[in-house]
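First the structure, in the form of C-alpha coordinates, and then the observations on it.
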Amino acid sequence: MGLNETPSSERVHIGFFGRRNAGKSSVVNAVTGQELSVVSDVKGTTTDPVYKSMELLPMGPVVIIDTPGFDDEGALGEMRVRKTKQILNRADCAVLVVDGTLGKTEMDEELIGLFQEKKIPYVVAYNKCDQTGSQEYSDGLVVSATEGMFIHKLKERIGALVNTGDAKMKIVGDLLKPLDLVVLVIPIDTAAPKGRLILPQQQTIRDILEAGAVAISVRDTELKDTLHRLGTKPALVITDSQAFEQVNKDTPEDILLTSFSILMARYKGFLADAVKGVSVIPELKDGDKVLISEGCTHHRQCDDIGTVKLPRWLKESTGKELVIETTSGREFPDDISSYRLIIHCGGCMLNEREMEYRRKCAADAGVAFTNYGTAIAFMKGILKRSLMVLPDLEHLIP
(Lines give C-alpha, C1' and ligand atoms only; values in the text may rest on other atoms or scores of the structure.)
Protein backbone atom coordinates (compact mmCIF):
# COMPACT_ATOMS: atom_id res chain seq x y z
CA MET A 1 0.00 0.00 0.00
CA GLY A 2 1.35 3.42 -0.95
CA LEU A 3 1.34 6.27 1.53
CA ASN A 4 -1.35 8.09 -0.46
CA GLU A 5 -3.66 5.11 -0.90
CA THR A 6 -6.73 4.40 1.22
CA PRO A 7 -6.03 1.26 3.29
CA SER A 8 -8.03 -1.82 2.33
CA SER A 9 -9.54 -1.89 5.81
CA GLU A 10 -11.05 1.57 5.24
CA ARG A 11 -12.62 0.70 1.88
CA VAL A 12 -16.14 -0.60 1.20
CA HIS A 13 -15.87 -4.31 0.35
CA ILE A 14 -18.20 -5.37 -2.50
CA GLY A 15 -18.51 -9.12 -3.06
CA PHE A 16 -19.79 -10.60 -6.34
CA PHE A 17 -21.39 -14.02 -5.83
CA GLY A 18 -23.22 -16.60 -7.89
CA ARG A 19 -23.10 -19.96 -9.60
CA ARG A 20 -20.44 -20.98 -12.09
CA ASN A 21 -20.99 -19.57 -15.57
CA ALA A 22 -23.56 -17.02 -14.38
CA GLY A 23 -21.18 -14.36 -15.64
CA LYS A 24 -19.84 -13.02 -12.32
CA SER A 25 -16.41 -12.22 -13.71
CA SER A 26 -17.88 -10.57 -16.80
CA VAL A 27 -20.13 -8.40 -14.62
CA VAL A 28 -17.15 -7.51 -12.40
CA ASN A 29 -15.15 -6.47 -15.46
CA ALA A 30 -18.07 -4.42 -16.78
CA VAL A 31 -18.65 -2.66 -13.44
CA THR A 32 -14.97 -1.85 -12.94
CA GLY A 33 -14.25 -1.04 -16.58
CA GLN A 34 -11.16 -3.23 -16.28
CA GLU A 35 -10.13 -6.77 -17.19
CA LEU A 36 -9.98 -7.61 -13.51
CA SER A 37 -11.04 -11.25 -13.81
CA VAL A 38 -10.31 -13.94 -16.38
CA VAL A 39 -13.45 -14.71 -18.41
CA SER A 40 -14.16 -18.05 -20.08
CA ASP A 41 -17.07 -20.25 -21.09
CA VAL A 42 -15.45 -23.04 -19.06
CA LYS A 43 -17.20 -23.56 -15.72
CA GLY A 44 -15.13 -22.69 -12.66
CA THR A 45 -12.64 -20.33 -14.35
CA THR A 46 -12.44 -18.26 -11.14
CA THR A 47 -10.75 -20.67 -8.73
CA ASP A 48 -9.81 -18.27 -5.92
CA PRO A 49 -11.22 -14.94 -4.74
CA VAL A 50 -9.86 -12.03 -6.79
CA TYR A 51 -9.39 -8.71 -4.97
CA LYS A 52 -9.06 -5.31 -6.58
CA SER A 53 -8.79 -1.96 -4.80
CA MET A 54 -10.12 0.94 -6.84
CA GLU A 55 -12.30 4.04 -6.86
CA LEU A 56 -15.92 3.37 -7.76
CA LEU A 57 -18.20 6.37 -7.97
CA PRO A 58 -20.33 7.35 -6.14
CA MET A 59 -19.00 5.10 -3.35
CA GLY A 60 -15.37 6.19 -3.49
CA PRO A 61 -12.57 3.80 -2.41
CA VAL A 62 -13.74 0.17 -2.61
CA VAL A 63 -12.43 -3.37 -2.74
CA ILE A 64 -14.06 -5.47 -5.46
CA ILE A 65 -14.10 -9.21 -4.72
CA ASP A 66 -14.83 -11.75 -7.46
CA THR A 67 -15.60 -15.12 -5.89
CA PRO A 68 -15.51 -18.71 -7.17
CA GLY A 69 -18.80 -20.32 -8.20
CA PHE A 70 -20.94 -21.26 -5.23
CA ASP A 71 -21.87 -24.55 -6.88
CA ASP A 72 -18.27 -25.72 -7.38
CA GLU A 73 -17.86 -29.48 -7.08
CA GLY A 74 -15.40 -32.07 -5.77
CA ALA A 75 -12.97 -31.83 -2.84
CA LEU A 76 -11.20 -28.82 -4.33
CA GLY A 77 -14.54 -27.24 -5.16
CA GLU A 78 -15.64 -27.59 -1.53
CA MET A 79 -12.54 -25.69 -0.45
CA ARG A 80 -13.38 -22.93 -2.94
CA VAL A 81 -16.95 -22.72 -1.67
CA ARG A 82 -15.57 -22.43 1.87
CA LYS A 83 -13.40 -19.53 0.72
CA THR A 84 -16.46 -17.92 -0.84
CA LYS A 85 -18.38 -18.22 2.45
CA GLN A 86 -15.46 -16.58 4.24
CA ILE A 87 -15.82 -13.57 1.93
CA LEU A 88 -19.29 -13.07 3.39
CA ASN A 89 -17.63 -12.22 6.72
CA ARG A 90 -15.96 -9.16 5.23
CA ALA A 91 -18.38 -8.06 2.49
CA ASP A 92 -20.10 -4.74 3.25
CA CYS A 93 -22.53 -5.38 0.41
CA ALA A 94 -23.12 -8.12 -2.16
CA VAL A 95 -24.06 -8.50 -5.80
CA LEU A 96 -25.69 -11.82 -6.67
CA VAL A 97 -25.14 -12.50 -10.36
CA VAL A 98 -27.87 -14.78 -11.77
CA ASP A 99 -27.87 -16.31 -15.24
CA GLY A 100 -30.96 -14.61 -16.62
CA THR A 101 -31.52 -17.39 -19.16
CA LEU A 102 -32.00 -19.86 -16.29
CA GLY A 103 -33.43 -17.68 -13.53
CA LYS A 104 -32.76 -18.08 -9.82
CA THR A 105 -31.90 -21.58 -8.60
CA GLU A 106 -31.87 -23.18 -5.15
CA MET A 107 -28.17 -22.28 -4.94
CA ASP A 108 -28.98 -18.62 -5.57
CA GLU A 109 -31.70 -18.72 -2.92
CA GLU A 110 -29.18 -20.22 -0.50
CA LEU A 111 -26.86 -17.32 -1.11
CA ILE A 112 -29.70 -14.83 -0.56
CA GLY A 113 -30.44 -16.61 2.71
CA LEU A 114 -26.81 -16.15 3.78
CA PHE A 115 -26.91 -12.46 2.86
CA GLN A 116 -30.00 -12.02 5.00
CA GLU A 117 -28.60 -14.08 7.88
CA LYS A 118 -25.44 -11.96 7.96
CA LYS A 119 -27.39 -8.75 7.33
CA ILE A 120 -25.48 -7.93 4.16
CA PRO A 121 -27.31 -5.49 1.87
CA TYR A 122 -27.48 -6.95 -1.63
CA VAL A 123 -28.77 -6.55 -5.15
CA VAL A 124 -29.48 -9.26 -7.72
CA ALA A 125 -28.08 -8.73 -11.22
CA TYR A 126 -29.89 -10.87 -13.80
CA ASN A 127 -27.18 -11.20 -16.42
CA LYS A 128 -27.48 -11.88 -20.16
CA CYS A 129 -30.46 -9.62 -20.84
CA ASP A 130 -29.14 -9.32 -24.40
CA GLN A 131 -30.53 -12.87 -24.74
CA THR A 132 -33.63 -12.64 -22.52
CA GLY A 133 -34.79 -9.09 -23.11
CA SER A 134 -35.64 -6.46 -20.48
CA GLN A 135 -37.71 -7.59 -17.50
CA GLU A 136 -38.66 -6.10 -14.16
CA TYR A 137 -37.51 -7.73 -10.91
CA SER A 138 -38.41 -6.62 -7.41
CA ASP A 139 -35.04 -7.65 -5.95
CA GLY A 140 -32.73 -6.47 -8.71
CA LEU A 141 -32.33 -5.55 -12.34
CA VAL A 142 -31.29 -6.99 -15.67
CA VAL A 143 -27.85 -6.38 -17.14
CA SER A 144 -25.74 -7.62 -19.99
CA ALA A 145 -22.05 -7.78 -19.13
CA THR A 146 -21.03 -8.59 -22.69
CA GLU A 147 -22.99 -5.69 -24.20
CA GLY A 148 -22.60 -3.27 -21.28
CA MET A 149 -26.36 -2.87 -20.98
CA PHE A 150 -27.69 -1.32 -17.73
CA ILE A 151 -24.28 -1.58 -16.03
CA HIS A 152 -24.53 2.09 -15.02
CA LYS A 153 -27.84 1.36 -13.28
CA LEU A 154 -26.25 -1.57 -11.47
CA LYS A 155 -23.43 0.68 -10.23
CA GLU A 156 -26.02 3.16 -8.95
CA ARG A 157 -27.85 0.36 -7.11
CA ILE A 158 -24.59 -0.86 -5.57
CA GLY A 159 -23.75 2.70 -4.51
CA ALA A 160 -27.08 3.00 -2.70
CA LEU A 161 -26.50 -0.17 -0.65
CA VAL A 162 -23.94 1.26 1.77
CA ASN A 163 -23.76 4.58 3.58
CA THR A 164 -20.29 5.90 2.79
CA GLY A 165 -20.56 9.11 4.78
CA ASP A 166 -17.74 10.19 7.08
CA ALA A 167 -17.16 7.78 9.94
CA LYS A 168 -18.08 9.24 13.32
CA MET A 169 -15.46 7.31 15.31
CA LYS A 170 -11.95 8.73 15.48
CA ILE A 171 -8.78 7.00 16.56
CA VAL A 172 -7.79 9.74 18.98
CA GLY A 173 -8.85 13.07 17.47
CA ASP A 174 -12.03 13.33 19.52
CA LEU A 175 -9.95 13.12 22.72
CA LEU A 176 -7.81 16.14 21.80
CA LYS A 177 -8.11 19.91 21.67
CA PRO A 178 -6.43 22.14 19.08
CA LEU A 179 -2.69 22.57 19.79
CA ASP A 180 -2.61 19.69 22.28
CA LEU A 181 0.81 18.07 22.23
CA VAL A 182 0.88 14.30 21.66
CA VAL A 183 4.06 12.24 21.90
CA LEU A 184 4.11 9.05 19.82
CA VAL A 185 6.57 6.37 20.91
CA ILE A 186 7.64 4.26 17.93
CA PRO A 187 10.39 1.69 18.52
CA ILE A 188 12.73 1.22 15.55
CA ASP A 189 14.06 -2.31 15.97
CA THR A 190 14.40 -5.49 13.91
CA ALA A 191 10.62 -6.00 13.99
CA ALA A 192 9.90 -2.54 12.53
CA PRO A 193 9.28 -2.38 8.75
CA LYS A 194 12.11 -0.84 6.77
CA GLY A 195 11.61 2.73 5.62
CA ARG A 196 8.03 3.26 6.75
CA LEU A 197 5.64 3.45 9.69
CA ILE A 198 3.01 0.78 10.25
CA LEU A 199 -0.60 1.59 9.43
CA PRO A 200 -1.89 2.40 12.98
CA GLN A 201 0.95 4.89 13.40
CA GLN A 202 0.21 6.55 10.06
CA GLN A 203 -3.51 6.75 10.82
CA THR A 204 -2.95 8.12 14.33
CA ILE A 205 -0.66 10.88 13.08
CA ARG A 206 -3.24 11.86 10.45
CA ASP A 207 -6.01 11.88 13.07
CA ILE A 208 -3.96 14.10 15.39
CA LEU A 209 -3.26 16.56 12.59
CA GLU A 210 -6.93 16.68 11.58
CA ALA A 211 -7.78 17.58 15.18
CA GLY A 212 -5.44 20.57 14.97
CA ALA A 213 -3.15 19.01 17.57
CA VAL A 214 0.63 18.54 17.41
CA ALA A 215 2.35 15.18 17.01
CA ILE A 216 5.94 14.48 18.05
CA SER A 217 7.37 11.06 17.20
CA VAL A 218 10.27 9.55 19.13
CA ARG A 219 11.84 6.17 19.68
CA ASP A 220 11.37 4.54 23.06
CA THR A 221 15.08 5.06 23.73
CA GLU A 222 14.73 8.86 23.42
CA LEU A 223 11.38 9.29 25.22
CA LYS A 224 12.70 10.18 28.67
CA ASP A 225 15.07 12.88 27.40
CA THR A 226 12.44 14.22 25.00
CA LEU A 227 9.86 14.68 27.76
CA HIS A 228 12.50 16.47 29.84
CA ARG A 229 13.42 18.86 27.01
CA LEU A 230 9.90 19.69 25.83
CA GLY A 231 9.32 22.35 28.44
CA THR A 232 5.57 21.70 28.37
CA LYS A 233 3.51 18.74 29.50
CA PRO A 234 2.06 16.64 26.66
CA ALA A 235 -1.66 15.99 26.67
CA LEU A 236 -1.02 12.34 25.87
CA VAL A 237 1.70 9.76 25.19
CA ILE A 238 0.82 6.95 22.78
CA THR A 239 3.18 4.00 22.58
CA ASP A 240 3.69 0.78 20.71
CA SER A 241 2.37 -1.90 23.09
CA GLN A 242 5.62 -3.84 23.03
CA ALA A 243 7.36 -0.91 24.74
CA PHE A 244 4.56 -0.36 27.27
CA GLU A 245 6.53 -1.40 30.36
CA GLN A 246 9.53 0.89 29.77
CA VAL A 247 7.42 3.77 28.47
CA ASN A 248 5.30 3.56 31.61
CA LYS A 249 8.44 3.98 33.72
CA ASP A 250 9.73 6.89 31.63
CA THR A 251 6.45 8.81 31.48
CA PRO A 252 5.56 10.87 34.59
CA GLU A 253 2.36 9.76 36.32
CA ASP A 254 0.60 13.06 35.64
CA ILE A 255 0.78 12.48 31.85
CA LEU A 256 -1.90 10.35 30.21
CA LEU A 257 -0.56 7.20 28.56
CA THR A 258 -2.10 4.65 26.20
CA SER A 259 -1.14 2.54 23.17
CA PHE A 260 -1.79 2.42 19.45
CA SER A 261 -3.34 -1.03 19.88
CA ILE A 262 -5.81 0.10 22.53
CA LEU A 263 -6.86 3.08 20.42
CA MET A 264 -7.23 0.84 17.36
CA ALA A 265 -9.49 -1.54 19.30
CA ARG A 266 -11.62 1.46 20.25
CA TYR A 267 -11.69 2.62 16.62
CA LYS A 268 -12.76 -0.85 15.47
CA GLY A 269 -15.49 -0.97 18.13
CA PHE A 270 -14.37 -3.82 20.40
CA LEU A 271 -12.35 -2.17 23.17
CA ALA A 272 -15.02 -2.75 25.82
CA ASP A 273 -14.95 -6.49 25.07
CA ALA A 274 -11.15 -6.43 25.07
CA VAL A 275 -11.08 -4.88 28.56
CA LYS A 276 -13.57 -7.40 29.90
CA GLY A 277 -11.74 -10.26 28.20
CA VAL A 278 -8.47 -9.86 30.09
CA SER A 279 -10.16 -10.95 33.33
CA VAL A 280 -9.72 -14.53 32.09
CA ILE A 281 -5.90 -14.33 32.06
CA PRO A 282 -5.42 -14.93 35.83
CA GLU A 283 -7.90 -17.83 35.60
CA LEU A 284 -6.01 -19.75 32.89
CA LYS A 285 -4.99 -23.29 33.79
CA ASP A 286 -2.43 -25.76 32.48
CA GLY A 287 -3.53 -27.07 29.10
CA ASP A 288 -5.93 -24.21 28.34
CA LYS A 289 -5.90 -23.21 24.67
CA VAL A 290 -5.22 -19.60 23.70
CA LEU A 291 -5.58 -18.33 20.14
CA ILE A 292 -3.37 -15.40 19.14
CA SER A 293 -4.78 -13.98 15.91
CA GLU A 294 -3.17 -11.35 13.70
CA GLY A 295 -4.96 -9.64 10.82
CA CYS A 296 -1.89 -9.08 8.66
CA THR A 297 0.68 -11.45 7.18
CA HIS A 298 4.00 -9.72 7.87
CA HIS A 299 7.25 -11.65 7.91
CA ARG A 300 7.82 -13.22 11.32
CA GLN A 301 10.89 -11.94 13.17
CA CYS A 302 12.91 -13.80 15.79
CA ASP A 303 11.16 -11.92 18.61
CA ASP A 304 7.76 -11.60 16.94
CA ILE A 305 5.02 -10.23 19.18
CA GLY A 306 2.34 -12.76 18.24
CA THR A 307 4.36 -15.95 18.20
CA VAL A 308 7.11 -15.18 20.73
CA LYS A 309 6.52 -12.22 23.04
CA LEU A 310 2.85 -12.70 23.90
CA PRO A 311 3.26 -16.44 24.63
CA ARG A 312 6.26 -15.61 26.83
CA TRP A 313 4.41 -12.87 28.71
CA LEU A 314 1.39 -15.15 29.18
CA LYS A 315 3.59 -17.81 30.76
CA GLU A 316 5.32 -15.26 32.99
CA SER A 317 1.98 -13.79 34.05
CA THR A 318 0.10 -17.04 34.69
CA GLY A 319 2.88 -19.50 35.48
CA LYS A 320 0.91 -22.07 33.48
CA GLU A 321 1.73 -24.33 30.54
CA LEU A 322 -0.73 -23.11 27.96
CA VAL A 323 -1.46 -24.41 24.47
CA ILE A 324 -0.82 -21.47 22.16
CA GLU A 325 -2.13 -21.47 18.59
CA THR A 326 -1.74 -18.65 16.07
CA THR A 327 -3.44 -17.46 12.89
CA SER A 328 -2.65 -14.60 10.55
CA GLY A 329 -4.21 -12.73 7.67
CA ARG A 330 -7.69 -13.72 6.58
CA GLU A 331 -7.53 -17.14 8.23
CA PHE A 332 -9.68 -17.55 11.32
CA PRO A 333 -10.96 -20.88 12.73
CA ASP A 334 -14.54 -21.85 11.90
CA ASP A 335 -14.84 -23.50 15.32
CA ILE A 336 -13.34 -21.58 18.24
CA SER A 337 -15.24 -23.32 21.05
CA SER A 338 -12.13 -25.14 22.30
CA TYR A 339 -10.30 -21.91 23.16
CA ARG A 340 -10.33 -20.31 26.58
CA LEU A 341 -9.10 -16.95 25.31
CA ILE A 342 -8.55 -15.15 22.00
CA ILE A 343 -5.97 -12.37 21.86
CA HIS A 344 -6.38 -10.44 18.63
CA CYS A 345 -4.29 -7.69 17.10
CA GLY A 346 -5.79 -4.21 16.75
CA GLY A 347 -7.32 -5.23 13.42
CA CYS A 348 -5.89 -2.36 11.36
CA MET A 349 -5.79 -4.56 8.23
CA LEU A 350 -9.35 -5.90 8.68
CA ASN A 351 -12.48 -3.97 7.83
CA GLU A 352 -15.10 -3.28 10.48
CA ARG A 353 -17.42 -6.07 9.34
CA GLU A 354 -14.78 -8.80 9.56
CA MET A 355 -13.55 -7.58 12.94
CA GLU A 356 -17.13 -7.59 14.22
CA TYR A 357 -17.62 -11.11 12.83
CA ARG A 358 -14.61 -12.41 14.77
CA ARG A 359 -15.70 -10.69 17.96
CA LYS A 360 -19.22 -12.04 17.61
CA CYS A 361 -17.92 -15.58 16.97
CA ALA A 362 -16.13 -15.39 20.30
CA ALA A 363 -19.18 -14.02 22.10
CA ASP A 364 -21.46 -16.70 20.64
CA ALA A 365 -18.99 -19.43 21.67
CA GLY A 366 -18.54 -18.00 25.17
CA VAL A 367 -14.81 -17.41 24.55
CA ALA A 368 -13.10 -14.40 26.14
CA PHE A 369 -11.85 -11.91 23.52
CA THR A 370 -9.19 -9.26 24.00
CA ASN A 371 -6.42 -7.64 21.99
CA TYR A 372 -2.66 -7.25 22.10
CA GLY A 373 -2.42 -3.83 23.73
CA THR A 374 -5.08 -4.47 26.37
CA ALA A 375 -3.62 -7.85 27.31
CA ILE A 376 -0.07 -6.49 27.51
CA ALA A 377 -1.16 -3.54 29.67
CA PHE A 378 -3.02 -5.92 31.98
CA MET A 379 -0.09 -8.34 32.30
CA LYS A 380 2.31 -5.45 32.97
CA GLY A 381 0.01 -4.02 35.64
CA ILE A 382 -0.71 -0.74 33.82
CA LEU A 383 -4.16 -1.31 32.30
CA LYS A 384 -5.82 1.21 34.61
CA ARG A 385 -3.35 3.90 33.63
CA SER A 386 -3.62 3.08 29.92
CA LEU A 387 -7.39 3.62 30.05
CA MET A 388 -7.39 6.87 32.05
CA VAL A 389 -7.75 8.72 28.74
CA LEU A 390 -11.05 6.80 28.33
CA PRO A 391 -12.72 7.14 31.76
CA ASP A 392 -16.02 5.64 30.54
CA LEU A 393 -14.28 2.23 30.47
CA GLU A 394 -12.86 2.43 33.99
CA HIS A 395 -15.69 0.37 35.48
CA LEU A 396 -14.81 -2.57 33.21
CA ILE A 397 -11.24 -2.95 34.44
CA PRO A 398 -10.82 -6.27 36.30
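Ligands are numbered from 1 in the order shown, chains are lettered A, B, ... in the order of the C-alpha coordinates, and residues start at 1 in each chain.
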Counting only C-alpha atoms, what are the residues of segment 315-381 of chain A within 12 Å of segment 112-120 of chain A, and for each of them which pair of atoms is the nearest and at what distance in Å, to one decimal? Sort the table by chain and rising number, as CSV.
```
residue,atom,partner,partner_atom,distance
A:Arg353,CA,A:Ile120,CA,9.8
A:Glu354,CA,A:Lys118,CA,11.2
A:Glu356,CA,A:Lys118,CA,11.3
A:Tyr357,CA,A:Lys118,CA,9.3
A:Lys360,CA,A:Lys118,CA,11.5
```
Just to be explicit: take each residue in the selection above, keep N, CA and C atoms, and write the result as a short mmCIF file (atom, residue, chain, number, x, y, z; two decimals), in the first residue's frame.
```cif
data_model
loop_
_atom_site.label_atom_id
_atom_site.label_comp_id
_atom_site.auth_asym_id
_atom_site.auth_seq_id
_atom_site.Cartn_x
_atom_site.Cartn_y
_atom_site.Cartn_z
N ARG A 353 -16.52 -4.92 9.36
CA ARG A 353 -17.42 -6.07 9.34
C ARG A 353 -16.70 -7.36 9.73
N GLU A 354 -15.49 -7.56 9.22
CA GLU A 354 -14.78 -8.80 9.56
C GLU A 354 -14.35 -8.81 11.02
N GLU A 356 -15.91 -7.33 13.45
CA GLU A 356 -17.13 -7.59 14.22
C GLU A 356 -17.52 -9.06 14.14
N TYR A 357 -17.33 -9.68 12.97
CA TYR A 357 -17.62 -11.11 12.83
C TYR A 357 -16.77 -11.94 13.80
N LYS A 360 -17.93 -11.40 17.37
CA LYS A 360 -19.22 -12.04 17.61
C LYS A 360 -19.08 -13.56 17.69
#
```
(request) Once DSSP has gone over the backbone, tell me which residues of segment 101-247 of chain A are in strand (DSSP E or B), as a PyMOL selection string. (result) chain A and resi 122-127+137+140-142+144+149+181-185+214-218+236-239
Selected residues written out, N, CA and C atoms, as a CSV table (one decimal), in the first residue's frame:
```
chain,number,residue,atom,x,y,z
A,122,TYR,N,-27.8,-6.3,-0.4
A,122,TYR,CA,-27.5,-7.0,-1.6
A,122,TYR,C,-28.4,-6.5,-2.7
A,123,VAL,N,-28.0,-6.8,-4.0
A,123,VAL,CA,-28.8,-6.5,-5.1
A,123,VAL,C,-28.5,-7.7,-6.1
A,124,VAL,N,-29.6,-8.1,-6.8
A,124,VAL,CA,-29.5,-9.3,-7.7
A,124,VAL,C,-29.3,-8.7,-9.1
A,125,ALA,N,-28.3,-9.1,-9.8
A,125,ALA,CA,-28.1,-8.7,-11.2
A,125,ALA,C,-28.4,-9.9,-12.1
A,126,TYR,N,-29.5,-9.8,-12.9
A,126,TYR,CA,-29.9,-10.9,-13.8
A,126,TYR,C,-29.1,-10.6,-15.1
A,127,ASN,N,-28.1,-11.4,-15.3
A,127,ASN,CA,-27.2,-11.2,-16.4
A,127,ASN,C,-27.7,-11.8,-17.7
A,137,TYR,N,-37.7,-6.9,-12.1
A,137,TYR,CA,-37.5,-7.7,-10.9
A,137,TYR,C,-37.6,-6.9,-9.6
A,140,GLY,N,-33.9,-6.8,-7.9
A,140,GLY,CA,-32.7,-6.5,-8.7
A,140,GLY,C,-33.1,-5.9,-10.1
A,141,LEU,N,-32.2,-6.1,-11.0
A,141,LEU,CA,-32.3,-5.5,-12.3
A,141,LEU,C,-31.6,-6.4,-13.4
A,142,VAL,N,-32.0,-6.2,-14.6
A,142,VAL,CA,-31.3,-7.0,-15.7
A,142,VAL,C,-30.1,-6.2,-16.1
A,144,SER,N,-26.5,-6.8,-19.0
A,144,SER,CA,-25.7,-7.6,-20.0
A,144,SER,C,-24.3,-7.2,-19.9
A,149,MET,N,-25.0,-3.4,-21.2
A,149,MET,CA,-26.4,-2.9,-21.0
A,149,MET,C,-26.7,-2.8,-19.5
A,181,LEU,N,-0.4,18.7,22.6
A,181,LEU,CA,0.8,18.1,22.2
A,181,LEU,C,0.7,16.6,22.5
A,182,VAL,N,0.9,15.8,21.5
A,182,VAL,CA,0.9,14.3,21.7
A,182,VAL,C,2.2,13.7,21.3
A,183,VAL,N,2.8,12.9,22.2
A,183,VAL,CA,4.1,12.2,21.9
A,183,VAL,C,3.8,10.8,21.5
A,184,LEU,N,4.3,10.4,20.3
A,184,LEU,CA,4.1,9.0,19.8
A,184,LEU,C,5.4,8.3,20.0
A,185,VAL,N,5.4,7.2,20.7
A,185,VAL,CA,6.6,6.4,20.9
A,185,VAL,C,6.6,5.2,19.9
A,214,VAL,N,-0.8,18.6,17.8
A,214,VAL,CA,0.6,18.5,17.4
A,214,VAL,C,1.2,17.2,17.8
A,215,ALA,N,1.8,16.5,16.8
A,215,ALA,CA,2.3,15.2,17.0
A,215,ALA,C,3.9,15.2,17.0
A,216,ILE,N,4.5,14.6,18.0
A,216,ILE,CA,5.9,14.5,18.1
A,216,ILE,C,6.2,13.0,18.1
A,217,SER,N,7.0,12.5,17.2
A,217,SER,CA,7.4,11.1,17.2
A,217,SER,C,8.8,10.8,17.7
A,218,VAL,N,8.9,9.9,18.6
A,218,VAL,CA,10.3,9.6,19.1
A,218,VAL,C,10.4,8.0,19.3
A,236,LEU,N,-0.9,13.8,26.0
A,236,LEU,CA,-1.0,12.3,25.9
A,236,LEU,C,0.3,11.8,25.3
A,237,VAL,N,0.6,10.6,25.8
A,237,VAL,CA,1.7,9.8,25.2
A,237,VAL,C,1.1,8.5,24.7
A,238,ILE,N,1.3,8.2,23.4
A,238,ILE,CA,0.8,6.9,22.8
A,238,ILE,C,2.0,6.1,22.4
A,239,THR,N,2.0,4.8,22.8
A,239,THR,CA,3.2,4.0,22.6
A,239,THR,C,2.8,2.7,21.9
```
(request) If you run DSSP over the backbone, which residues in segment 58-226 of chain A end up helix (DSSP H, G or I)? Put them as a PyMOL selection string. (result) chain A and resi 74-87+106-117+129-132+151-159+173-175+199-210+220-226
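Counting only C-alpha atoms, the residue from A:Ile336, A:Ile324, A:Leu291, A:Ile343 that sits nearest to Asp364 of chain A is A:Ile336.
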(request) Pick out the closest residue to Leu310 of chain A from this set: A:Glu294, A:Glu110, A:Asp139, A:Glu222. Count only C-alpha atoms. (result) A:Glu294
(request) Please provide the set of residues having any atom within 12 Å of segment 49-56 of chain A, restricted to only C-alpha atoms, with same-chain residues fewer than 4 positions apart removed, written as a PyMOL selection string. (result) chain A and resi 1+5-17+24-25+28-29+31-38+44-45+60-70+79-88+91+152+155-156+158-159+164+330
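Minimum atom-to-atom distance to Arg157 of chain A, evaluated using only C-alpha atoms, belongs to A:Leu57 out of A:Ala30, A:Ala362, A:Leu57, A:Ile198.
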(message) Between A:Gly269, A:Gly173, A:Pro178, A:Gly212, which residue has the minimum interatomic distance to Met355 of chain A, considering only C-alpha atoms?
(response)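 Using only C-alpha atoms, Met355 of chain A sits closest to A:Gly269.
A straight line drawn from atom CA of Trp313 of chain A to atom CA of Thr226 of chain A is 28.5 Å long.
In this comparison, which uses only C-alpha atoms, the residue of A:Thr105, A:Gln201, A:Thr326, A:Ser134 approaching Leu263 of chain A most closely is A:Gln201.
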(message) Excluding Tyr339 of chain A and its own-chain neighbours fewer than 4 positions away, which residues fall within 10 Å of it when counting only C-alpha atoms? Please give them as a ChimeraX atom specification.
(response) /A:288-291,323-325,335,362,365-368
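Using only C-alpha atoms, the nearest neighbour of Tyr372 of chain A within the list A:Ser317, A:Ser261, A:Leu341, A:Val389 is A:Ser261.
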